[in-house]
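Each remark here refers to the structure printed beneath this line.
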Amino acid sequence: MNFIKKYFLLIFLALLPFYKLFHFDDYCFGDEDLLVVGALTIVFVIALITIVFNDLYTISYGKELFNFIPLIIAGVFFISLFLGLKLHENSLFKNEFQSFKIQQKDANTSEIKLFKDATFEYKTSFSNYNCVKKGTYFYEKDALFLNMNHKTSKETILDSAYIFNKMNNFLVPKDRFRPKFILQIRE
């Protein structure tokens with residue numbers, strides 16, 4: 001295999017698992033996605049082992065010296081994968097402004113995070129996966145208005161407008177059948 005082709009293949013295989021870890025729109029992430037990341041990591045490791053053993057074979061015939069490029073690619077890949085899995089749920093480049101949360105009856109939690117750049121994330125956590133919806137918001141007096149990126153008619157918890165009750169620190173939805181969100185005080 002050509003020198004450039006095998007390293008291009010390694011870099012391509014190293015980048016594949018990250019499409020499941022970086023989300024720019026609404027997404028759900030759970031056990032199935034972890035299995036996909038694991039399977040793509042195994043494919044990368046198999047290609048890495050094949051290339052390293054091929055390099056060792058050519059060294060044994062004295063045709064070339066050992067090449068550390070595959071090991072450097074593997075090191076960068078595993079450090080990036082570790083950090084990507086660990087920090088996957090965090091919004092790294094955003095400053096959180098306020099956070100509101102409810103605890104539902106069936107141990108699922110819902111949370112609204114408002115960021116200083118007038119965007120928000122609505123996160124619903126289930127037992128084995130999380131769903132995140134994104135959008136923009138604005139305050140008008142004591143009212144909070146949420147504009148979802150993708151509006152759905154079957155949303156049962158999140159409303160598009162809330163009144164902020166400053167006395168009790170919670171959001172009262174416009175639709176009275178939806179739950180109230182409580183302000184999370186940061187320490």
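Labels used: A, B, ... for chains in the order of the structure tokens, numbers from 1 for residues in each chain, and numbers from 1 for ligands as shown.
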Sorted by chain and rising residue number, which residues of stretch 59-117 of chain A lie within 10 Å of stretch 132-144 of chain A, and what are their closest atom pairs and distances in Å to one decimal, counting only C-alpha atoms, as a tab-separated table?
residue	atom	partner	partner_atom	distance
A:Glu89	CA	A:Val132	CA	9.4
A:Ser110	CA	A:Val132	CA	9.7
A:Glu111	CA	A:Val132	CA	9.5
A:Ile112	CA	A:Lys133	CA	9.5
A:Lys113	CA	A:Lys134	CA	9.6
A:Leu114	CA	A:Tyr137	CA	7.8
A:Phe115	CA	A:Tyr137	CA	9.1
A:Asp117	CA	A:Thr136	CA	8.7
> Got a sec to tell me which of stretch 96-135 of chain A DSSP assigns to strand (DSSP E or B), as a ChimeraX atom specification?
Replying inline: /A:96-103,109-115,119-125,129-135
Residues from the last selection, C-alpha atoms, saved as a short mmCIF file (atom, residue, chain, number, x, y, z; two decimals), in the first residue's frame:
data_model
loop_
_atom_site.label_atom_id
_atom_site.label_comp_id
_atom_site.auth_asym_id
_atom_site.auth_seq_id
_atom_site.Cartn_x
_atom_site.Cartn_y
_atom_site.Cartn_z
CA GLU A 96 -24.41 29.09 30.77
CA PHE A 97 -26.71 31.90 31.88
CA GLN A 98 -29.52 30.05 33.70
CA SER A 99 -30.64 26.48 34.15
CA PHE A 100 -34.15 25.21 34.89
CA LYS A 101 -35.02 21.62 35.77
CA ILE A 102 -37.97 19.35 36.53
CA GLN A 103 -38.03 15.87 38.00
CA THR A 109 -35.34 14.53 34.06
CA SER A 110 -35.85 17.52 31.79
CA GLU A 111 -33.65 20.58 31.83
CA ILE A 112 -33.51 23.88 30.00
CA LYS A 113 -30.09 25.54 29.79
CA LEU A 114 -30.01 29.17 28.68
CA PHE A 115 -26.70 30.46 27.32
CA THR A 119 -29.37 30.06 22.55
CA PHE A 120 -30.77 27.26 24.68
CA GLU A 121 -30.64 23.49 25.01
CA TYR A 122 -33.57 21.43 26.20
CA LYS A 123 -32.27 18.09 27.48
CA THR A 124 -34.43 15.11 28.39
CA SER A 125 -32.61 12.27 30.16
CA TYR A 129 -30.21 7.77 26.39
CA ASN A 130 -30.49 11.56 26.31
CA CYS A 131 -32.22 13.78 23.79
CA VAL A 132 -31.21 17.40 23.26
CA LYS A 133 -33.19 20.00 21.34
CA LYS A 134 -31.67 23.36 20.52
CA GLY A 135 -32.96 26.79 19.65
#
> Looking at only C-alpha atoms, which of A:Phe29, A:Lys20, A:Val76, A:Lys6 is the one that sits closest to A:Leu48?
Replying inline: A:Lys6
Exercise: A:Leu40 partners within 8 Å, only C-alpha atoms, chain neighbours under 5 positions left out, as a CSV table (one decimal) with N, CA and C atoms, in the first residue's frame:
chain,number,residue,atom,x,y,z
A,13,LEU,N,-10.3,6.7,9.1
A,13,LEU,CA,-10.9,5.8,10.1
A,13,LEU,C,-10.9,6.3,11.5
A,16,LEU,N,-13.9,8.9,11.8
A,16,LEU,CA,-15.3,8.3,11.7
A,16,LEU,C,-16.1,8.3,13.0
A,17,PRO,N,-15.5,7.8,14.1
A,17,PRO,CA,-16.3,7.8,15.4
A,17,PRO,C,-16.8,9.1,15.9
> If you count only C-alpha atoms, which residues fall within 10 Å of A:Val52, apart from same-chain ones fewer than 6 positions away, as a PyMOL selection string?
Replying inline: chain A and resi 46+58+66-71
Using only C-alpha atoms, please write the residues we just selected to a file, as a PDB file, in the first residue's frame.
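Result file again_18.pdb:
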ATOM      1  CA  ILE A  46      -7.577  -3.430  13.089  1.00  0.00           C
ATOM      2  CA  THR A  58       9.383  -4.416   5.805  1.00  0.00           C
ATOM      3  CA  PHE A  66      10.325   2.002  11.621  1.00  0.00           C
ATOM      4  CA  ASN A  67       7.747   4.707  11.039  1.00  0.00           C
ATOM      5  CA  PHE A  68       6.199   6.304  14.127  1.00  0.00           C
ATOM      6  CA  ILE A  69       3.425   8.124  12.225  1.00  0.00           C
ATOM      7  CA  PRO A  70       0.794   5.376  12.830  1.00  0.00           C
ATOM      8  CA  LEU A  71       1.545   5.421  16.557  1.00  0.00           C
TER       9      LEU A  71
END
>> Which residues are near A:Phe18? Cut-off 12 Å, only C-alpha atoms, ignore same chain within fewer than 2 positions. Put them as a PyMOL selection string.
In response: chain A and resi 11-16+20-23+33-34+36-38+40-41+77-78+80-85+88
Save the residues we just selected, N, CA, C and O atoms, as a compact mmCIF listing (two decimals), in the first residue's frame?
# COMPACT_ATOMS: atom_id res chain seq x y z
N ILE A 11 -6.18 8.09 9.09
CA ILE A 11 -6.78 9.35 9.56
C ILE A 11 -8.28 9.34 9.30
O ILE A 11 -9.08 9.76 10.15
N PHE A 12 -8.70 8.84 8.14
CA PHE A 12 -10.13 8.74 7.83
C PHE A 12 -10.85 7.84 8.83
O PHE A 12 -11.91 8.20 9.36
N LEU A 13 -10.27 6.67 9.13
CA LEU A 13 -10.89 5.76 10.10
C LEU A 13 -10.87 6.35 11.51
O LEU A 13 -11.76 6.06 12.31
N ALA A 14 -9.87 7.18 11.81
CA ALA A 14 -9.81 7.81 13.14
C ALA A 14 -10.88 8.88 13.29
O ALA A 14 -11.37 9.12 14.39
N LEU A 15 -11.26 9.53 12.20
CA LEU A 15 -12.27 10.59 12.27
C LEU A 15 -13.70 10.06 12.28
O LEU A 15 -14.61 10.76 12.74
N LEU A 16 -13.93 8.86 11.79
CA LEU A 16 -15.29 8.32 11.69
C LEU A 16 -16.08 8.28 13.01
O LEU A 16 -17.24 8.67 13.02
N LYS A 20 -20.48 10.77 15.60
CA LYS A 20 -21.51 10.47 16.60
C LYS A 20 -21.34 11.30 17.88
O LYS A 20 -22.23 11.33 18.72
N LEU A 21 -20.20 11.97 18.04
CA LEU A 21 -19.93 12.69 19.28
C LEU A 21 -20.14 14.20 19.18
O LEU A 21 -20.36 14.85 20.20
N PHE A 22 -20.05 14.77 17.98
CA PHE A 22 -20.22 16.21 17.82
C PHE A 22 -21.55 16.48 17.13
O PHE A 22 -21.79 15.98 16.03
N HIS A 23 -22.38 17.29 17.80
CA HIS A 23 -23.73 17.55 17.30
C HIS A 23 -23.95 19.05 17.15
O HIS A 23 -23.74 19.81 18.08
N ASP A 33 -25.55 4.40 20.13
CA ASP A 33 -24.50 5.25 19.59
C ASP A 33 -23.13 4.87 20.15
O ASP A 33 -22.13 4.94 19.43
N LEU A 34 -23.09 4.47 21.41
CA LEU A 34 -21.83 4.01 21.99
C LEU A 34 -21.35 2.73 21.30
O LEU A 34 -20.14 2.54 21.11
N VAL A 36 -21.91 1.98 18.15
CA VAL A 36 -21.39 2.41 16.84
C VAL A 36 -19.99 2.98 16.99
O VAL A 36 -19.09 2.65 16.21
N VAL A 37 -19.78 3.83 18.00
CA VAL A 37 -18.45 4.39 18.25
C VAL A 37 -17.46 3.27 18.56
O VAL A 37 -16.33 3.28 18.06
N GLY A 38 -17.87 2.29 19.36
CA GLY A 38 -17.01 1.16 19.68
C GLY A 38 -16.66 0.33 18.45
O GLY A 38 -15.50 -0.08 18.26
N LEU A 40 -16.62 1.35 15.28
CA LEU A 40 -15.72 2.12 14.43
C LEU A 40 -14.32 2.21 15.02
O LEU A 40 -13.33 2.24 14.28
N THR A 41 -14.22 2.21 16.34
CA THR A 41 -12.91 2.18 16.99
C THR A 41 -12.21 0.86 16.74
O THR A 41 -10.99 0.82 16.50
N PHE A 77 -5.68 9.92 18.34
CA PHE A 77 -7.04 9.38 18.24
C PHE A 77 -7.58 8.98 19.61
O PHE A 77 -8.69 9.36 19.97
N PHE A 78 -6.80 8.22 20.38
CA PHE A 78 -7.31 7.72 21.65
C PHE A 78 -7.48 8.84 22.69
O PHE A 78 -8.42 8.82 23.47
N SER A 80 -8.18 12.00 21.89
CA SER A 80 -9.37 12.73 21.41
C SER A 80 -10.65 11.96 21.68
O SER A 80 -11.67 12.56 22.05
N LEU A 81 -10.63 10.65 21.50
CA LEU A 81 -11.81 9.84 21.76
C LEU A 81 -12.17 9.87 23.25
O LEU A 81 -13.35 10.02 23.61
N PHE A 82 -11.18 9.76 24.11
CA PHE A 82 -11.43 9.82 25.55
C PHE A 82 -12.06 11.16 25.93
O PHE A 82 -13.06 11.22 26.64
N LEU A 83 -11.46 12.25 25.45
CA LEU A 83 -12.00 13.58 25.76
C LEU A 83 -13.37 13.79 25.13
O LEU A 83 -14.25 14.41 25.73
N GLY A 84 -13.57 13.28 23.92
CA GLY A 84 -14.85 13.41 23.25
C GLY A 84 -15.96 12.68 24.00
O GLY A 84 -17.08 13.20 24.13
N LEU A 85 -15.68 11.51 24.51
CA LEU A 85 -16.69 10.76 25.28
C LEU A 85 -16.93 11.39 26.64
O LEU A 85 -18.06 11.44 27.12
N HIS A 88 -18.68 14.97 26.01
CA HIS A 88 -19.71 14.93 24.97
C HIS A 88 -20.97 15.70 25.34
O HIS A 88 -21.56 16.38 24.52
>> Would you compute the distance between atom CA of A:Ile49 and atom CA of A:Gly75? Give it in Å to one decimal.
In response: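 Between atom CA of A:Ile49 and atom CA of A:Gly75 the gap works out to 13.4 Å.
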>> Here is a test: counting only C-alpha atoms, which residue of A:Asp175, A:Asp31, A:Lys63, A:Leu56 is nearest to A:Phe126?
In response: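 Result for the nearest residue to A:Phe126: A:Asp31.
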> Which of these, A:Tyr7, A:Asp26, A:Ser91, A:Asp159, has the shortest distance to A:Thr50 once you count only C-alpha atoms?
Replying inline: A:Tyr7
> How far is it from atom CA of A:Asn149 to atom CA of A:Leu35, in Å with one decimal?
Replying inline: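 Atom CA of A:Asn149 sits 27.9 Å away from atom CA of A:Leu35.
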> Which residue out of A:Ile185, A:Ile72, A:Leu158, A:Leu87 has the minimum interatomic distance to A:Val172 when only C-alpha atoms are used?
Replying inline: A:Leu158
